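J.: Quick one: the structure is below, questions incoming.
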Amino acid sequence: MRNVIFILSTVILALSMNACKTRSAESQKVSTTVENSSVGTIHAEKGVDPGLDGKYWKLIELIGNQVIAGEDSPKEAHIIFNADNRISGNAGCNNFAGSYQLSGADRITFSQVASTRMMCISGMDTEDKFLQVLNTADSFIIRNDTLTLNRARMAPLARFAAVYVK
């Protein structure tokens with residue numbers, strides 16, 4: 001019975017998140033700056049890859065502590081940004097999905113983030129902190145192949161390394 005309720009809740013959440021995606025094309029224009037050592041600084045508008053979209057961002061640091069998959073969590077914690085303002089990933093144990101909104105040169109807001117709720121023997125502390133970061137982060141920096149999520153442009157909450165699949 002619990003699994004049925006969970007599945008129904010997940011389906012309803014996914015449908016409601018999909019229904020909230022309608023926006024005018026004009027409201028989606030945002031300027032973003034991305035630094036890349038091989039390309040220099042990239043200026044892009046939303047809808048054009050600002051450096052977030054389509055990459056597998058592996059979590060490497062969380063609240064100042066290094067994160068190592070297998071030691072800190074059973075699965076590799078990561079996030080993937082899609083061009084349709086959707087995110088997906090794994091928080092170390094459970095998968096998650098939600099949406100994000102860019103504004104200004106380096107502002108980001110995550111919303112409607114939902115995750116599966118399996119219980120893992122280890123990694124739940126890392127997972128809880130990671131999901132909390134998504135709720136509190138409001139800005140980001142991409143420098144070379146490192147993404148940093150921050151709160152109030154202060155100390156980093158989380159750092160990610162881009163992983164490219166060949």
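Convention: chains lettered A, B, ... in structure tokens order; per-chain residue numbering from 1; ligands numbered from 1 as shown.
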With a cut-off of 8 Å, could you pull out the residues of range 111-130 of chain A touching range 57-66 of chain A and give me the nearest pair of atoms for each, distance in Å to one decimal, using only C-alpha atoms, ordered by chain and ascending number, as JSON lines?

T.:
{"residue": "A:Thr126", "atom": "CA", "partner": "A:Leu62", "partner_atom": "CA", "distance": 7.8}
{"residue": "A:Lys129", "atom": "CA", "partner": "A:Leu62", "partner_atom": "CA", "distance": 7.6}
{"residue": "A:Phe130", "atom": "CA", "partner": "A:Leu62", "partner_atom": "CA", "distance": 7.0}

J.: Write out as an mmCIF file with N, CA and C atoms, in the first residue's frame each polymer residue whose atoms come within 9 Å of range 89-100 of chain A, counting only C-alpha atoms; drop sequence neighbours fewer than 6 positions from it.

T.:
data_model
loop_
_atom_site.group_PDB
_atom_site.id
_atom_site.type_symbol
_atom_site.label_atom_id
_atom_site.label_comp_id
_atom_site.auth_asym_id
_atom_site.auth_seq_id
_atom_site.Cartn_x
_atom_site.Cartn_y
_atom_site.Cartn_z
ATOM 1 N N ALA A 14 4.923 14.859 -10.744
ATOM 2 C CA ALA A 14 5.511 15.029 -12.078
ATOM 3 C C ALA A 14 4.543 15.737 -13.018
ATOM 4 N N MET A 17 4.283 19.440 -12.000
ATOM 5 C CA MET A 17 5.486 20.190 -12.363
ATOM 6 C C MET A 17 5.509 20.464 -13.854
ATOM 7 N N TYR A 56 26.887 16.217 -16.909
ATOM 8 C CA TYR A 56 26.775 15.421 -15.688
ATOM 9 C C TYR A 56 27.696 16.099 -14.682
ATOM 10 N N TRP A 57 27.120 16.733 -13.659
ATOM 11 C CA TRP A 57 27.903 17.432 -12.652
ATOM 12 C C TRP A 57 28.020 16.546 -11.408
ATOM 13 N N LEU A 59 29.111 15.656 -7.718
ATOM 14 C CA LEU A 59 29.341 16.359 -6.457
ATOM 15 C C LEU A 59 30.716 15.978 -5.914
ATOM 16 N N ALA A 69 32.296 9.151 -3.552
ATOM 17 C CA ALA A 69 31.286 8.096 -3.752
ATOM 18 C C ALA A 69 31.835 6.774 -3.237
ATOM 19 N N ASP A 72 31.280 8.180 1.289
ATOM 20 C CA ASP A 72 30.292 9.059 1.906
ATOM 21 C C ASP A 72 28.858 8.690 1.533
ATOM 22 N N SER A 73 28.701 7.964 0.449
ATOM 23 C CA SER A 73 27.367 7.588 -0.012
ATOM 24 C C SER A 73 27.485 6.365 -0.916
ATOM 25 N N PRO A 74 26.427 5.547 -0.994
ATOM 26 C CA PRO A 74 26.507 4.331 -1.799
ATOM 27 C C PRO A 74 26.556 4.599 -3.301
ATOM 28 N N LYS A 75 26.000 5.727 -3.755
ATOM 29 C CA LYS A 75 26.000 6.074 -5.173
ATOM 30 C C LYS A 75 26.691 7.414 -5.370
ATOM 31 N N GLU A 76 27.114 7.681 -6.586
ATOM 32 C CA GLU A 76 27.763 8.953 -6.894
ATOM 33 C C GLU A 76 26.712 10.057 -6.955
ATOM 34 N N ALA A 77 26.812 11.023 -6.049
ATOM 35 C CA ALA A 77 25.882 12.147 -6.041
ATOM 36 C C ALA A 77 26.197 13.053 -7.229
ATOM 37 N N HIS A 78 25.144 13.462 -7.952
ATOM 38 C CA HIS A 78 25.331 14.295 -9.143
ATOM 39 C C HIS A 78 24.049 15.032 -9.477
ATOM 40 N N ILE A 79 24.174 15.992 -10.383
ATOM 41 C CA ILE A 79 23.021 16.728 -10.881
ATOM 42 C C ILE A 79 23.191 16.950 -12.377
ATOM 43 N N ILE A 80 22.080 16.903 -13.096
ATOM 44 C CA ILE A 80 22.066 17.148 -14.533
ATOM 45 C C ILE A 80 21.041 18.242 -14.800
ATOM 46 N N PHE A 81 21.476 19.301 -15.483
ATOM 47 C CA PHE A 81 20.598 20.400 -15.867
ATOM 48 C C PHE A 81 20.174 20.175 -17.315
ATOM 49 N N ILE A 108 20.337 31.626 -9.487
ATOM 50 C CA ILE A 108 19.631 30.379 -9.772
ATOM 51 C C ILE A 108 18.674 30.073 -8.623
ATOM 52 N N THR A 109 17.541 29.534 -8.973
ATOM 53 C CA THR A 109 16.562 29.107 -7.977
ATOM 54 C C THR A 109 16.105 27.712 -8.336
ATOM 55 N N PHE A 110 16.141 26.814 -7.382
ATOM 56 C CA PHE A 110 15.638 25.459 -7.570
ATOM 57 C C PHE A 110 14.247 25.386 -6.945
ATOM 58 N N SER A 111 13.349 24.653 -7.600
ATOM 59 C CA SER A 111 12.005 24.505 -7.040
ATOM 60 C C SER A 111 11.439 23.137 -7.385
ATOM 61 N N GLN A 112 10.417 22.777 -6.658
ATOM 62 C CA GLN A 112 9.693 21.529 -6.875
ATOM 63 C C GLN A 112 10.614 20.315 -6.905
ATOM 64 N N VAL A 113 11.647 20.334 -6.059
ATOM 65 C CA VAL A 113 12.589 19.221 -5.999
ATOM 66 C C VAL A 113 11.966 18.102 -5.165
ATOM 67 N N ALA A 114 11.838 16.938 -5.779
ATOM 68 C CA ALA A 114 11.277 15.769 -5.110
ATOM 69 C C ALA A 114 12.246 14.602 -5.289
ATOM 70 N N SER A 115 12.280 13.723 -4.312
ATOM 71 C CA SER A 115 13.185 12.580 -4.413
ATOM 72 C C SER A 115 12.478 11.311 -4.004
ATOM 73 N N THR A 116 13.043 10.200 -4.457
ATOM 74 C CA THR A 116 12.572 8.912 -3.960
ATOM 75 C C THR A 116 12.992 8.835 -2.502
ATOM 76 N N ARG A 117 12.474 7.941 -1.743
ATOM 77 C CA ARG A 117 12.783 7.885 -0.311
ATOM 78 C C ARG A 117 13.205 6.499 0.135
ATOM 79 N N MET A 118 14.161 5.900 -0.560
ATOM 80 C CA MET A 118 14.715 4.630 -0.104
ATOM 81 C C MET A 118 15.608 4.910 1.099
ATOM 82 N N MET A 119 15.724 3.971 1.958
ATOM 83 C CA MET A 119 16.601 4.110 3.113
ATOM 84 C C MET A 119 17.899 3.392 2.807
ATOM 85 N N CYS A 120 18.991 4.104 2.917
ATOM 86 C CA CYS A 120 20.302 3.508 2.700
ATOM 87 C C CYS A 120 21.016 3.380 4.035
ATOM 88 N N SER A 122 24.212 3.843 4.520
ATOM 89 C CA SER A 122 25.108 4.988 4.656
ATOM 90 C C SER A 122 24.714 6.040 3.633
ATOM 91 N N GLY A 123 25.225 7.230 3.811
ATOM 92 C CA GLY A 123 25.018 8.282 2.835
ATOM 93 C C GLY A 123 23.817 9.171 3.074
ATOM 94 N N MET A 124 23.010 8.878 4.078
ATOM 95 C CA MET A 124 21.808 9.688 4.298
ATOM 96 C C MET A 124 22.164 11.098 4.763
ATOM 97 N N THR A 126 24.881 12.830 3.843
ATOM 98 C CA THR A 126 25.293 13.522 2.618
ATOM 99 C C THR A 126 24.071 13.880 1.795
ATOM 100 N N GLU A 127 23.159 12.952 1.658
ATOM 101 C CA GLU A 127 21.950 13.192 0.874
ATOM 102 C C GLU A 127 21.118 14.330 1.461
ATOM 103 N N ASP A 128 20.895 14.314 2.745
ATOM 104 C CA ASP A 128 20.098 15.368 3.372
ATOM 105 C C ASP A 128 20.736 16.743 3.170
ATOM 106 N N LYS A 129 22.048 16.834 3.328
ATOM 107 C CA LYS A 129 22.753 18.105 3.128
ATOM 108 C C LYS A 129 22.683 18.550 1.669
ATOM 109 N N PHE A 130 22.842 17.617 0.734
ATOM 110 C CA PHE A 130 22.789 17.931 -0.691
ATOM 111 C C PHE A 130 21.422 18.503 -1.063
ATOM 112 N N LEU A 131 20.353 17.846 -0.633
ATOM 113 C CA LEU A 131 19.005 18.329 -0.937
ATOM 114 C C LEU A 131 18.738 19.672 -0.262
#

J.: Which is closer to Gly54 in chain A than all the others in A:Arg107, A:Thr148, A:Leu134, A:Ala162, using only C-alpha atoms?

T.: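 The closest residue to Gly54 in chain A is A:Ala162.
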
J.: Between CA of Ala152 in chain A and CA of Lys55 in chain A, what is the distance, to one decimal in Å?

T.: 24.5 Å

J.: Between CA of Ala83 in chain A and CA of Ala155 in chain A, measure the distance and give it in Å to one decimal.

T.: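 A separation of 27.2 Å between them.
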
J.: Near Met154 in chain A, counting only C-alpha atoms, which residues have an atom at most 12 Å away, once you skip same-chain residues fewer than 4 positions from it, shown as JSON, numbers by chain?

T.: {"A": [63, 137, 138, 139, 140, 141, 148, 149, 150, 158]}

J.: Nearest to Ala161 in chain A among A:Ala105, A:Val133, A:Ile87, A:Leu147, with distances taken over only C-alpha atoms: which residue is it?

T.: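 Looking only at the distances to Ala161 in chain A, the closest residue turns out to be A:Leu147.
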
J.: What is the CA of Arg143 in chain A to CA of Tyr164 in chain A distance in Å?

T.: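 So the two atoms, CA of Arg143 in chain A and CA of Tyr164 in chain A, lie 15.6 Å apart.
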
J.: From the list A:Ile121, A:Val163, A:Leu157, A:Ile142, which residue is nearest Gly70 in chain A when using only C-alpha atoms?

T.: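 Result for the nearest residue to Gly70 in chain A: A:Ile121.
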
J.: If DSSP is run on the backbone, what residues of range 61-98 of chain A are strand (DSSP E or B)? A reply as a PyMOL selection string would be ideal.

T.: chain A and resi 61-62+65-66+69+73+78-81+86-90+95-98

J.: Please write the residues from the selection above to a file, keeping N, CA and C atoms, as a compact mmCIF listing (two decimals), in the first residue's frame.

T.:
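And here is the file that came out, out22.txt:
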# COMPACT_ATOMS: atom_id res chain seq x y z
N GLU A 61 32.32 18.35 -3.42
CA GLU A 61 32.47 19.01 -2.12
C GLU A 61 31.10 19.48 -1.65
N LEU A 62 30.83 19.28 -0.36
CA LEU A 62 29.55 19.66 0.22
C LEU A 62 29.79 20.33 1.56
N ASN A 65 33.29 20.02 2.85
CA ASN A 65 33.86 18.68 3.02
C ASN A 65 33.87 17.94 1.69
N GLN A 66 34.99 17.28 1.40
CA GLN A 66 35.11 16.49 0.18
C GLN A 66 34.12 15.34 0.21
N ALA A 69 32.30 9.15 -3.55
CA ALA A 69 31.29 8.10 -3.75
C ALA A 69 31.84 6.77 -3.24
N SER A 73 28.70 7.96 0.45
CA SER A 73 27.37 7.59 -0.01
C SER A 73 27.49 6.36 -0.92
N HIS A 78 25.14 13.46 -7.95
CA HIS A 78 25.33 14.30 -9.14
C HIS A 78 24.05 15.03 -9.48
N ILE A 79 24.17 15.99 -10.38
CA ILE A 79 23.02 16.73 -10.88
C ILE A 79 23.19 16.95 -12.38
N ILE A 80 22.08 16.90 -13.10
CA ILE A 80 22.07 17.15 -14.53
C ILE A 80 21.04 18.24 -14.80
N PHE A 81 21.48 19.30 -15.48
CA PHE A 81 20.60 20.40 -15.87
C PHE A 81 20.17 20.17 -17.32
N ARG A 86 14.74 21.75 -16.30
CA ARG A 86 14.52 20.61 -15.42
C ARG A 86 15.88 20.14 -14.90
N ILE A 87 15.88 19.61 -13.69
CA ILE A 87 17.07 18.97 -13.13
C ILE A 87 16.71 17.54 -12.77
N SER A 88 17.74 16.72 -12.76
CA SER A 88 17.59 15.35 -12.28
C SER A 88 18.95 14.94 -11.73
N GLY A 89 18.96 13.87 -10.97
CA GLY A 89 20.23 13.41 -10.44
C GLY A 89 20.05 12.40 -9.32
N ASN A 90 21.12 12.21 -8.60
CA ASN A 90 21.11 11.32 -7.45
C ASN A 90 21.78 12.06 -6.31
N ASN A 95 17.25 9.06 -6.07
CA ASN A 95 17.15 9.92 -7.24
C ASN A 95 16.27 11.11 -6.91
N PHE A 96 16.51 12.23 -7.60
CA PHE A 96 15.67 13.41 -7.41
C PHE A 96 15.41 14.06 -8.76
N ALA A 97 14.41 14.91 -8.79
CA ALA A 97 14.07 15.68 -9.99
C ALA A 97 13.42 16.97 -9.52
N GLY A 98 13.44 17.96 -10.38
CA GLY A 98 12.82 19.25 -10.05
C GLY A 98 13.03 20.21 -11.19
